[in-house]
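A short worksheet on the structure shown next.
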Amino acid sequence: MPDFAASGELRYPAIEQEGGTTMTTLAGRLGGVGRAYMGVIRSRTYFPLWLGQLLSNFGDTLHYIALVVLVFRLTGQGVAVAGVVAAEIVPVLLLGPIAGVVIDRFSRKAVLIGADLFRAALVLSLVWPQGVGHAYLVAAGLAAGSTFFGPTVQAVIPSLTTPDQRLAANSVSWSTGRLVQILASALAGGLIALVGTGAAFAVNAASFALSAALILLLPIPAHAGELGAGTKRGLRDFFGEARAGLAYATRDPFVSRLLLVQGLASFAVGATGALLVVLSEQHLRLPPAGFAWLIGAIGLGALLGPLVPNTLATDYRDARWLFVPYVLRGLGDVLIAVFTPLPVALLILFVYGLNTSTGMVVFNSTIQGAVPDKMRGRVFALLDVTWNAMRLLSLAVGGVLVDVAGIRPLYWLGGALLATAGLLGLALLGGYDFRARDAAVAAVD
């Protein structure tokens, strides 16, 4: 894959000669990435947040698998399991705008701790399940807590790291999180079979509580726009603040274009991501265990993906690092609905996972530097709302398309739309100067 020099010129990571000396080899670059990762992990200002997320990811994975098993046991219906997805999306749509204002106007440490403790109490209640309605309520409550927690994490990372550490911080969080998810997935089946779903829910509740305790150690400073203790203005102007955030996002030349591209990308992948199991059975003709192989290929790619920009990018703040992964993932969706050999499908999905995580860590790192601190919570929350709204629409349209035309046309259309989203992003932001934007934001903050 090409490397992008600071000048924008494509540079391939082959050995180059400069004044008779050999430039840094790929192995040397990987060593540098490893040192950058370890430097971030060892940072006293970042380590508690990273460890808390790691524990929470482990518990969340156990919880999700146990929740699906519990709902299916209680109802015996696959459609009831699909209801869990709806229960997780609706709170994001309803609470996203509110969450953004809370994140930008109140103590972000308090928001993080409150979200963790709220989710711990909810999850613990499932140790004594009271029916499928109880499970749906907990799923919705967890999604509500995450609507506050996730954007807050993205908003505080710039205050806990230096600009040079930002990509490494997002990358190490993503990669170790995926590794923990793989390990938890492998353990979940045996744990549930041995002691039931209650143990998985108890572990997840404990992980939230431990995460809250670790966040207490974080030196999160007061941020731009944070209200002082005892002020009443936050409640009085609440909806005005939400409107101000929306106005900023729609008028800002970077954020407004990014929202358009993200909305199209979410519409493209919402149905294909949810219906991979159907493609596995109807097109690839795989047994149920085969679906796990496909998920494993995506997971392995996602685990290694952040190494790509960290190793090859001279400066990741380039639209090509943001949007070329969309184009490659779109091509992968088209190809996997064409070919049927399992090794080919696994390779395609490995590359898909590689590009997903590459795009994700660059995406988060870019926004953290390009959006002022006082608006960061609202922007991340709005991006979450946009993503989930288009994902829900995609699921509805995709389900109808599969019933009418089959699973393969869904992947052809979804892949074409995702590639189009990438090309649109390159057209809209290909010449955007992210470095100048970062400098301007840093001067304001």
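Here's how to read the names in the structure tokens: chain A, B, ... by the order shown, residue numbers from 1 in each chain, ligand numbers from 1 in the order shown.
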I'd like the neighbourhood of stretch 286-303 of chain A as a ChimeraX atom specification, where a residue qualifies if any of its atoms comes within 12 Å (using only C-alpha atoms), though same-chain residues fewer than 5 positions away should be ignored. /A:171-183,185-186,273-281,308,329,332,336,340-361
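Here atom CA of A:Asn388 stands at a distance of 6.2 Å from atom CA of A:Ile89.
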So that I can check the surroundings of A:Lys109, please list as a PyMOL selection string every protein, DNA and RNA residue that reaches within 8 Å of it, counting only C-alpha atoms and ignoring chain neighbours fewer than 4 positions away. chain A and resi 113+215-216+218+220
Would you mind reading off the distance between atom CA of A:Val90 and atom CA of A:Ala140, one decimal, in Å?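 Separation between atom CA of A:Val90 and atom CA of A:Ala140: 7.6 Å.
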Among the residues A:Val327, A:Ile192, A:Ala120, A:Ala337, the one that comes closest to A:Ser211 [using only C-alpha atoms]: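 Checking each of A:Val327, A:Ile192, A:Ala120, A:Ala337 against A:Ser211, counting only C-alpha atoms, the winner is A:Ala120.
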When you draw a straight line from atom CA of A:Ala200 to atom CA of A:Leu117, how long is it in Å?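 Spanning atom CA of A:Ala200 to atom CA of A:Leu117 is a straight-line distance of 17.2 Å.
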Which neighbours of stretch 407-418 of chain A fall inside 8 Å, counting only C-alpha atoms, when residues of the same chain fewer than 2 positions from it are skipped, and could you give them as a list in words?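 The residues that qualify are Leu264, Ala265, Phe267, Ala268, Val269, Ala271, Thr272, Val278, Leu279, Gln282, His283, Tyr326, Val327, Arg329, Gly330, Leu331, Gly332, Asp333, Val334, Ile336, Ala337, Val338, Gly398, Leu401, Val402, Ala405, Thr420, Ala421 and Gly422 of chain A.
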Store the residues picked out above, limited to N, CA and C atoms, as a CSV table (one decimal), in the first residue's frame.
```
chain,number,residue,atom,x,y,z
A,264,LEU,N,-24.0,8.1,4.0
A,264,LEU,CA,-24.1,7.2,2.8
A,264,LEU,C,-23.4,5.9,3.1
A,265,ALA,N,-22.2,6.0,3.8
A,265,ALA,CA,-21.5,4.8,4.1
A,265,ALA,C,-22.3,3.9,5.1
A,267,PHE,N,-25.5,3.7,5.4
A,267,PHE,CA,-26.6,3.1,4.6
A,267,PHE,C,-26.1,1.9,3.8
A,268,ALA,N,-24.9,2.0,3.3
A,268,ALA,CA,-24.3,1.0,2.5
A,268,ALA,C,-24.0,-0.3,3.3
A,269,VAL,N,-23.5,-0.1,4.5
A,269,VAL,CA,-23.1,-1.3,5.3
A,269,VAL,C,-24.0,-1.8,6.3
A,271,ALA,N,-27.1,-3.1,6.3
A,271,ALA,CA,-27.8,-4.4,6.0
A,271,ALA,C,-26.7,-5.5,5.7
A,272,THR,N,-25.7,-5.1,5.0
A,272,THR,CA,-24.7,-6.2,4.6
A,272,THR,C,-24.0,-6.7,5.9
A,278,VAL,N,-26.6,-14.7,6.4
A,278,VAL,CA,-27.4,-15.1,5.3
A,278,VAL,C,-26.6,-15.4,4.1
A,279,LEU,N,-25.6,-14.5,3.8
A,279,LEU,CA,-24.7,-14.7,2.7
A,279,LEU,C,-23.9,-16.0,2.9
A,282,GLN,N,-26.5,-19.0,2.2
A,282,GLN,CA,-27.2,-19.1,0.9
A,282,GLN,C,-26.2,-19.0,-0.3
A,283,HIS,N,-25.2,-18.2,-0.1
A,283,HIS,CA,-24.2,-18.0,-1.3
A,283,HIS,C,-23.0,-18.9,-1.1
A,326,TYR,N,-12.9,3.0,2.4
A,326,TYR,CA,-14.3,2.8,2.0
A,326,TYR,C,-14.4,2.1,0.6
A,327,VAL,N,-13.6,2.6,-0.3
A,327,VAL,CA,-13.6,2.1,-1.7
A,327,VAL,C,-13.1,0.6,-1.7
A,329,ARG,N,-13.3,-1.5,0.8
A,329,ARG,CA,-14.3,-2.3,1.5
A,329,ARG,C,-15.5,-2.5,0.5
A,330,GLY,N,-15.9,-1.5,-0.2
A,330,GLY,CA,-17.0,-1.6,-1.2
A,330,GLY,C,-16.7,-2.7,-2.2
A,331,LEU,N,-15.4,-2.7,-2.8
A,331,LEU,CA,-15.0,-3.7,-3.7
A,331,LEU,C,-15.1,-5.1,-3.1
A,332,GLY,N,-14.7,-5.2,-1.8
A,332,GLY,CA,-14.8,-6.5,-1.1
A,332,GLY,C,-16.2,-7.0,-1.0
A,333,ASP,N,-17.2,-6.1,-0.7
A,333,ASP,CA,-18.6,-6.5,-0.6
A,333,ASP,C,-19.1,-7.1,-2.0
A,334,VAL,N,-18.7,-6.4,-3.1
A,334,VAL,CA,-19.1,-6.9,-4.4
A,334,VAL,C,-18.5,-8.2,-4.7
A,336,ILE,N,-17.2,-10.6,-2.7
A,336,ILE,CA,-17.6,-11.7,-1.9
A,336,ILE,C,-19.0,-12.3,-2.3
A,337,ALA,N,-19.8,-11.5,-3.0
A,337,ALA,CA,-21.0,-12.0,-3.5
A,337,ALA,C,-20.9,-12.5,-4.9
A,338,VAL,N,-19.6,-12.5,-5.4
A,338,VAL,CA,-19.3,-13.1,-6.8
A,338,VAL,C,-18.7,-14.5,-6.6
A,398,GLY,N,-32.7,-3.2,3.2
A,398,GLY,CA,-32.0,-4.5,2.9
A,398,GLY,C,-32.8,-5.7,3.1
A,401,LEU,N,-35.1,-6.0,0.1
A,401,LEU,CA,-34.4,-6.4,-1.1
A,401,LEU,C,-34.0,-7.9,-1.1
A,402,VAL,N,-33.6,-8.4,0.0
A,402,VAL,CA,-33.2,-9.8,0.1
A,402,VAL,C,-34.4,-10.7,-0.1
A,405,ALA,N,-35.1,-10.1,-4.1
A,405,ALA,CA,-34.1,-10.4,-5.1
A,405,ALA,C,-33.0,-11.3,-4.7
A,420,THR,N,-18.9,4.3,-3.6
A,420,THR,CA,-19.3,5.7,-4.0
A,420,THR,C,-19.1,6.6,-2.8
A,421,ALA,N,-19.4,6.2,-1.6
A,421,ALA,CA,-19.2,7.1,-0.4
A,421,ALA,C,-17.7,7.4,-0.3
A,422,GLY,N,-16.8,6.5,-0.6
A,422,GLY,CA,-15.4,6.8,-0.5
A,422,GLY,C,-15.0,7.8,-1.6
```
Choose the residue, out of A:Ala319, A:Leu126, A:Leu187, A:Leu112, that has the smallest atom-to-atom separation from A:Ala213; count only C-alpha atoms.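 Checking each candidate against A:Ala213, we get A:Leu112 as the closest.
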Within stretch 119-356 of chain A, find each residue whose DSSP state, derived from the backbone, is helix (DSSP H, G or I), and express the selection as a PDB file with C-alpha atoms, in the first residue's frame.
```
ATOM      1  CA  ARG A 119     -24.698   0.325  33.037  1.00  0.00           C
ATOM      2  CA  ALA A 120     -23.260  -1.804  35.848  1.00  0.00           C
ATOM      3  CA  ALA A 121     -26.540  -1.641  37.779  1.00  0.00           C
ATOM      4  CA  LEU A 122     -28.601  -2.462  34.689  1.00  0.00           C
ATOM      5  CA  VAL A 123     -26.488  -5.446  33.689  1.00  0.00           C
ATOM      6  CA  LEU A 124     -26.441  -6.833  37.214  1.00  0.00           C
ATOM      7  CA  SER A 125     -30.243  -6.999  37.154  1.00  0.00           C
ATOM      8  CA  VAL A 132     -37.826 -10.828  27.425  1.00  0.00           C
ATOM      9  CA  GLY A 133     -39.160  -7.336  28.151  1.00  0.00           C
ATOM     10  CA  HIS A 134     -36.575  -7.013  30.910  1.00  0.00           C
ATOM     11  CA  ALA A 135     -33.840  -8.045  28.457  1.00  0.00           C
ATOM     12  CA  TYR A 136     -34.990  -5.436  25.930  1.00  0.00           C
ATOM     13  CA  LEU A 137     -35.078  -2.769  28.633  1.00  0.00           C
ATOM     14  CA  VAL A 138     -31.522  -3.546  29.686  1.00  0.00           C
ATOM     15  CA  ALA A 139     -30.331  -3.556  26.053  1.00  0.00           C
ATOM     16  CA  ALA A 140     -31.901  -0.126  25.559  1.00  0.00           C
ATOM     17  CA  GLY A 141     -30.442   1.156  28.825  1.00  0.00           C
ATOM     18  CA  LEU A 142     -26.955  -0.024  27.921  1.00  0.00           C
ATOM     19  CA  ALA A 143     -27.241   1.687  24.554  1.00  0.00           C
ATOM     20  CA  ALA A 144     -28.352   4.870  26.325  1.00  0.00           C
ATOM     21  CA  GLY A 145     -25.321   4.731  28.618  1.00  0.00           C
ATOM     22  CA  SER A 146     -23.009   4.100  25.684  1.00  0.00           C
ATOM     23  CA  THR A 147     -24.513   7.095  23.871  1.00  0.00           C
ATOM     24  CA  PHE A 148     -22.947   9.228  26.608  1.00  0.00           C
ATOM     25  CA  PHE A 149     -19.816   7.154  27.239  1.00  0.00           C
ATOM     26  CA  GLY A 150     -18.494   6.598  23.702  1.00  0.00           C
ATOM     27  CA  PRO A 151     -18.435  10.210  22.469  1.00  0.00           C
ATOM     28  CA  THR A 152     -17.024  11.328  25.829  1.00  0.00           C
ATOM     29  CA  VAL A 153     -14.059   8.973  25.454  1.00  0.00           C
ATOM     30  CA  GLN A 154     -13.389  10.401  21.991  1.00  0.00           C
ATOM     31  CA  ALA A 155     -13.676  13.934  23.372  1.00  0.00           C
ATOM     32  CA  VAL A 156     -11.185  13.419  26.247  1.00  0.00           C
ATOM     33  CA  ILE A 157      -8.433  11.568  24.366  1.00  0.00           C
ATOM     34  CA  PRO A 158      -6.900  14.831  23.033  1.00  0.00           C
ATOM     35  CA  SER A 159      -6.595  16.137  26.614  1.00  0.00           C
ATOM     36  CA  LEU A 160      -4.866  12.929  27.781  1.00  0.00           C
ATOM     37  CA  PRO A 163      -0.948  15.339  19.068  1.00  0.00           C
ATOM     38  CA  ASP A 164       1.917  12.992  18.194  1.00  0.00           C
ATOM     39  CA  GLN A 165       0.437  10.265  20.429  1.00  0.00           C
ATOM     40  CA  ARG A 166      -3.131  10.580  19.126  1.00  0.00           C
ATOM     41  CA  LEU A 167      -3.012   8.033  16.301  1.00  0.00           C
ATOM     42  CA  ALA A 168      -1.109   5.538  18.471  1.00  0.00           C
ATOM     43  CA  ALA A 169      -3.608   5.999  21.330  1.00  0.00           C
ATOM     44  CA  ASN A 170      -6.610   5.340  19.096  1.00  0.00           C
ATOM     45  CA  SER A 171      -4.818   2.442  17.426  1.00  0.00           C
ATOM     46  CA  VAL A 172      -3.727   0.637  20.570  1.00  0.00           C
ATOM     47  CA  SER A 173      -7.208   1.031  22.041  1.00  0.00           C
ATOM     48  CA  TRP A 174      -8.816  -0.395  18.905  1.00  0.00           C
ATOM     49  CA  SER A 175      -6.373  -3.309  18.418  1.00  0.00           C
ATOM     50  CA  THR A 176      -6.291  -4.465  22.031  1.00  0.00           C
ATOM     51  CA  GLY A 177     -10.076  -4.109  22.182  1.00  0.00           C
ATOM     52  CA  ARG A 178     -10.471  -6.405  19.172  1.00  0.00           C
ATOM     53  CA  LEU A 179      -8.028  -8.910  20.702  1.00  0.00           C
ATOM     54  CA  VAL A 180     -10.024  -8.992  23.920  1.00  0.00           C
ATOM     55  CA  GLN A 181     -13.258  -9.460  21.950  1.00  0.00           C
ATOM     56  CA  ILE A 182     -11.764 -12.454  20.130  1.00  0.00           C
ATOM     57  CA  LEU A 183     -10.663 -14.020  23.428  1.00  0.00           C
ATOM     58  CA  ALA A 184     -14.005 -13.308  25.122  1.00  0.00           C
ATOM     59  CA  SER A 185     -15.913 -14.793  22.178  1.00  0.00           C
ATOM     60  CA  ALA A 186     -13.859 -17.967  22.476  1.00  0.00           C
ATOM     61  CA  LEU A 187     -14.596 -18.203  26.214  1.00  0.00           C
ATOM     62  CA  ALA A 188     -18.247 -17.195  26.128  1.00  0.00           C
ATOM     63  CA  GLY A 189     -19.722 -20.444  24.817  1.00  0.00           C
ATOM     64  CA  GLY A 190     -18.000 -22.596  27.427  1.00  0.00           C
ATOM     65  CA  LEU A 191     -18.777 -20.196  30.268  1.00  0.00           C
ATOM     66  CA  ILE A 192     -22.495 -20.012  29.396  1.00  0.00           C
ATOM     67  CA  ALA A 193     -22.737 -23.761  28.911  1.00  0.00           C
ATOM     68  CA  LEU A 194     -21.017 -24.418  32.244  1.00  0.00           C
ATOM     69  CA  VAL A 195     -22.639 -21.899  34.587  1.00  0.00           C
ATOM     70  CA  THR A 197     -25.874 -16.613  31.305  1.00  0.00           C
ATOM     71  CA  GLY A 198     -25.969 -15.076  34.786  1.00  0.00           C
ATOM     72  CA  ALA A 199     -22.208 -15.406  35.226  1.00  0.00           C
ATOM     73  CA  ALA A 200     -21.561 -13.508  31.976  1.00  0.00           C
ATOM     74  CA  PHE A 201     -23.834 -10.675  33.115  1.00  0.00           C
ATOM     75  CA  ALA A 202     -22.113 -10.550  36.518  1.00  0.00           C
ATOM     76  CA  VAL A 203     -18.690 -10.321  34.855  1.00  0.00           C
ATOM     77  CA  ASN A 204     -19.893  -7.466  32.654  1.00  0.00           C
ATOM     78  CA  ALA A 205     -21.316  -5.582  35.638  1.00  0.00           C
ATOM     79  CA  ALA A 206     -17.987  -5.966  37.440  1.00  0.00           C
ATOM     80  CA  SER A 207     -16.125  -4.712  34.350  1.00  0.00           C
ATOM     81  CA  PHE A 208     -18.200  -1.519  34.318  1.00  0.00           C
ATOM     82  CA  ALA A 209     -17.559  -0.960  38.028  1.00  0.00           C
ATOM     83  CA  LEU A 210     -13.803  -1.470  37.585  1.00  0.00           C
ATOM     84  CA  SER A 211     -13.806   0.889  34.609  1.00  0.00           C
ATOM     85  CA  ALA A 212     -15.466   3.586  36.750  1.00  0.00           C
ATOM     86  CA  ALA A 213     -12.855   3.081  39.486  1.00  0.00           C
ATOM     87  CA  LEU A 214     -10.011   3.450  36.963  1.00  0.00           C
ATOM     88  CA  ILE A 215     -11.541   6.587  35.439  1.00  0.00           C
ATOM     89  CA  ARG A 233     -27.459  27.923  32.656  1.00  0.00           C
ATOM     90  CA  GLY A 234     -26.893  24.380  31.416  1.00  0.00           C
ATOM     91  CA  LEU A 235     -30.535  23.408  31.893  1.00  0.00           C
ATOM     92  CA  ARG A 236     -32.029  26.701  30.798  1.00  0.00           C
ATOM     93  CA  PHE A 238     -30.041  23.065  26.935  1.00  0.00           C
ATOM     94  CA  PHE A 239     -31.921  22.934  23.646  1.00  0.00           C
ATOM     95  CA  GLY A 240     -30.240  26.095  22.476  1.00  0.00           C
ATOM     96  CA  GLU A 241     -26.879  24.385  22.982  1.00  0.00           C
ATOM     97  CA  ALA A 242     -28.111  21.376  20.990  1.00  0.00           C
ATOM     98  CA  ARG A 243     -29.198  23.659  18.146  1.00  0.00           C
ATOM     99  CA  ALA A 244     -25.835  25.431  18.269  1.00  0.00           C
ATOM    100  CA  GLY A 245     -24.055  22.116  17.891  1.00  0.00           C
ATOM    101  CA  LEU A 246     -26.240  21.151  14.931  1.00  0.00           C
ATOM    102  CA  ALA A 247     -25.684  24.559  13.323  1.00  0.00           C
ATOM    103  CA  TYR A 248     -21.907  24.179  13.740  1.00  0.00           C
ATOM    104  CA  ALA A 249     -21.943  20.711  12.177  1.00  0.00           C
ATOM    105  CA  THR A 250     -24.072  21.713   9.190  1.00  0.00           C
ATOM    106  CA  ARG A 251     -22.132  24.926   8.448  1.00  0.00           C
ATOM    107  CA  PRO A 253     -16.997  22.812   5.717  1.00  0.00           C
ATOM    108  CA  PHE A 254     -15.283  19.703   7.124  1.00  0.00           C
ATOM    109  CA  VAL A 255     -17.915  18.296   9.493  1.00  0.00           C
ATOM    110  CA  SER A 256     -20.856  18.877   7.138  1.00  0.00           C
ATOM    111  CA  ARG A 257     -19.182  17.002   4.299  1.00  0.00           C
ATOM    112  CA  LEU A 258     -18.067  14.241   6.629  1.00  0.00           C
ATOM    113  CA  LEU A 259     -21.644  13.768   7.858  1.00  0.00           C
ATOM    114  CA  LEU A 260     -22.840  13.363   4.265  1.00  0.00           C
ATOM    115  CA  VAL A 261     -20.196  10.750   3.488  1.00  0.00           C
ATOM    116  CA  GLN A 262     -20.740   8.901   6.779  1.00  0.00           C
ATOM    117  CA  GLY A 263     -24.499   8.769   6.241  1.00  0.00           C
ATOM    118  CA  LEU A 264     -24.081   7.191   2.815  1.00  0.00           C
ATOM    119  CA  ALA A 265     -21.459   4.754   4.138  1.00  0.00           C
ATOM    120  CA  SER A 266     -23.718   3.662   7.001  1.00  0.00           C
ATOM    121  CA  PHE A 267     -26.631   3.113   4.621  1.00  0.00           C
ATOM    122  CA  ALA A 268     -24.303   0.983   2.491  1.00  0.00           C
ATOM    123  CA  VAL A 269     -23.064  -1.324   5.267  1.00  0.00           C
ATOM    124  CA  GLY A 270     -25.975  -1.523   7.719  1.00  0.00           C
ATOM    125  CA  ALA A 271     -27.751  -4.398   6.000  1.00  0.00           C
ATOM    126  CA  THR A 272     -24.676  -6.178   4.633  1.00  0.00           C
ATOM    127  CA  GLY A 273     -23.084  -6.288   8.080  1.00  0.00           C
ATOM    128  CA  ALA A 274     -26.223  -7.664   9.729  1.00  0.00           C
ATOM    129  CA  LEU A 276     -23.521 -11.755   6.576  1.00  0.00           C
ATOM    130  CA  VAL A 277     -24.915 -14.924   8.149  1.00  0.00           C
ATOM    131  CA  VAL A 278     -27.433 -15.149   5.286  1.00  0.00           C
ATOM    132  CA  LEU A 279     -24.674 -14.735   2.694  1.00  0.00           C
ATOM    133  CA  SER A 280     -22.714 -17.455   4.493  1.00  0.00           C
ATOM    134  CA  GLU A 281     -25.557 -19.954   4.229  1.00  0.00           C
ATOM    135  CA  GLN A 282     -27.190 -19.085   0.900  1.00  0.00           C
ATOM    136  CA  PRO A 288     -23.171 -22.680  10.959  1.00  0.00           C
ATOM    137  CA  ALA A 289     -19.555 -23.015  12.080  1.00  0.00           C
ATOM    138  CA  GLY A 290     -18.506 -21.438   8.800  1.00  0.00           C
ATOM    139  CA  PHE A 291     -20.081 -18.141   9.808  1.00  0.00           C
ATOM    140  CA  ALA A 292     -17.723 -18.054  12.782  1.00  0.00           C
ATOM    141  CA  TRP A 293     -14.795 -18.455  10.355  1.00  0.00           C
ATOM    142  CA  LEU A 294     -15.968 -15.398   8.424  1.00  0.00           C
ATOM    143  CA  ILE A 295     -16.281 -13.352  11.608  1.00  0.00           C
ATOM    144  CA  GLY A 296     -12.828 -14.545  12.640  1.00  0.00           C
ATOM    145  CA  ALA A 297     -11.316 -13.351   9.347  1.00  0.00           C
ATOM    146  CA  ILE A 298     -12.848  -9.889   9.814  1.00  0.00           C
ATOM    147  CA  GLY A 299     -11.656  -9.825  13.427  1.00  0.00           C
ATOM    148  CA  LEU A 300      -8.082 -10.721  12.488  1.00  0.00           C
ATOM    149  CA  GLY A 301      -8.013  -7.998   9.857  1.00  0.00           C
ATOM    150  CA  ALA A 302      -9.485  -5.490  12.304  1.00  0.00           C
ATOM    151  CA  LEU A 303      -6.855  -6.456  14.875  1.00  0.00           C
ATOM    152  CA  LEU A 304      -3.961  -5.751  12.491  1.00  0.00           C
ATOM    153  CA  LEU A 307      -0.638  -1.042  12.030  1.00  0.00           C
ATOM    154  CA  VAL A 308      -1.128   0.120   8.429  1.00  0.00           C
ATOM    155  CA  PRO A 309      -1.383   3.903   8.979  1.00  0.00           C
ATOM    156  CA  ASN A 310       1.002   3.805  11.936  1.00  0.00           C
ATOM    157  CA  THR A 311       3.642   2.040   9.845  1.00  0.00           C
ATOM    158  CA  LEU A 312       3.174   3.542   6.392  1.00  0.00           C
ATOM    159  CA  ALA A 319      -8.333  12.405   2.883  1.00  0.00           C
ATOM    160  CA  ARG A 320      -6.992   9.282   1.186  1.00  0.00           C
ATOM    161  CA  TRP A 321      -6.377   7.614   4.534  1.00  0.00           C
ATOM    162  CA  LEU A 322      -9.967   8.448   5.487  1.00  0.00           C
ATOM    163  CA  PHE A 323     -11.806   7.400   2.329  1.00  0.00           C
ATOM    164  CA  VAL A 324      -9.734   4.925   0.272  1.00  0.00           C
ATOM    165  CA  PRO A 325     -10.622   2.219   2.862  1.00  0.00           C
ATOM    166  CA  TYR A 326     -14.300   2.787   1.972  1.00  0.00           C
ATOM    167  CA  VAL A 327     -13.559   2.116  -1.688  1.00  0.00           C
ATOM    168  CA  LEU A 328     -11.619  -1.064  -0.894  1.00  0.00           C
ATOM    169  CA  ARG A 329     -14.318  -2.326   1.478  1.00  0.00           C
ATOM    170  CA  GLY A 330     -16.965  -1.643  -1.182  1.00  0.00           C
ATOM    171  CA  LEU A 331     -15.045  -3.680  -3.721  1.00  0.00           C
ATOM    172  CA  GLY A 332     -14.791  -6.458  -1.131  1.00  0.00           C
ATOM    173  CA  ASP A 333     -18.577  -6.531  -0.644  1.00  0.00           C
ATOM    174  CA  VAL A 334     -19.089  -6.871  -4.401  1.00  0.00           C
ATOM    175  CA  LEU A 335     -16.449  -9.592  -4.782  1.00  0.00           C
ATOM    176  CA  ILE A 336     -17.620 -11.740  -1.868  1.00  0.00           C
ATOM    177  CA  LEU A 342     -14.066 -20.296   1.230  1.00  0.00           C
ATOM    178  CA  PRO A 343     -10.354 -19.314   1.077  1.00  0.00           C
ATOM    179  CA  VAL A 344     -11.241 -16.430  -1.255  1.00  0.00           C
ATOM    180  CA  ALA A 345     -14.081 -15.309   1.037  1.00  0.00           C
ATOM    181  CA  LEU A 346     -11.780 -15.405   4.066  1.00  0.00           C
ATOM    182  CA  LEU A 347      -9.136 -13.349   2.271  1.00  0.00           C
ATOM    183  CA  ILE A 348     -11.721 -10.775   1.150  1.00  0.00           C
ATOM    184  CA  LEU A 349     -13.112 -10.441   4.671  1.00  0.00           C
ATOM    185  CA  PHE A 350      -9.617 -10.203   6.180  1.00  0.00           C
ATOM    186  CA  VAL A 351      -8.894  -7.261   3.864  1.00  0.00           C
ATOM    187  CA  TYR A 352     -12.334  -5.855   4.733  1.00  0.00           C
ATOM    188  CA  GLY A 353     -11.516  -5.936   8.463  1.00  0.00           C
ATOM    189  CA  LEU A 354      -8.080  -4.454   7.772  1.00  0.00           C
ATOM    190  CA  ASN A 355      -9.611  -1.474   5.988  1.00  0.00           C
ATOM    191  CA  THR A 356     -12.412  -1.065   8.535  1.00  0.00           C
TER     192      THR A 356
END
```
Env of A:Ala436: 12 Å cut, atoms = only C-alpha atoms, seq-sep filter 3 positions within chain, self excluded. Answer as a ChimeraX atom specification. /A:317-318,369-370,431-433,439-443
Top pick for closest residue to A:Ile367, considering A:Leu426, A:Val92, A:Phe434, A:Tyr37 and counting only C-alpha atoms: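 So, comparing all the options, the nearest one is A:Phe434.
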Proximity to A:Thr386 - best of A:Thr162, A:Gly114, A:Leu93, A:Gly39, only C-alpha atoms: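 Smallest separation from A:Thr386 among the options: A:Leu93.
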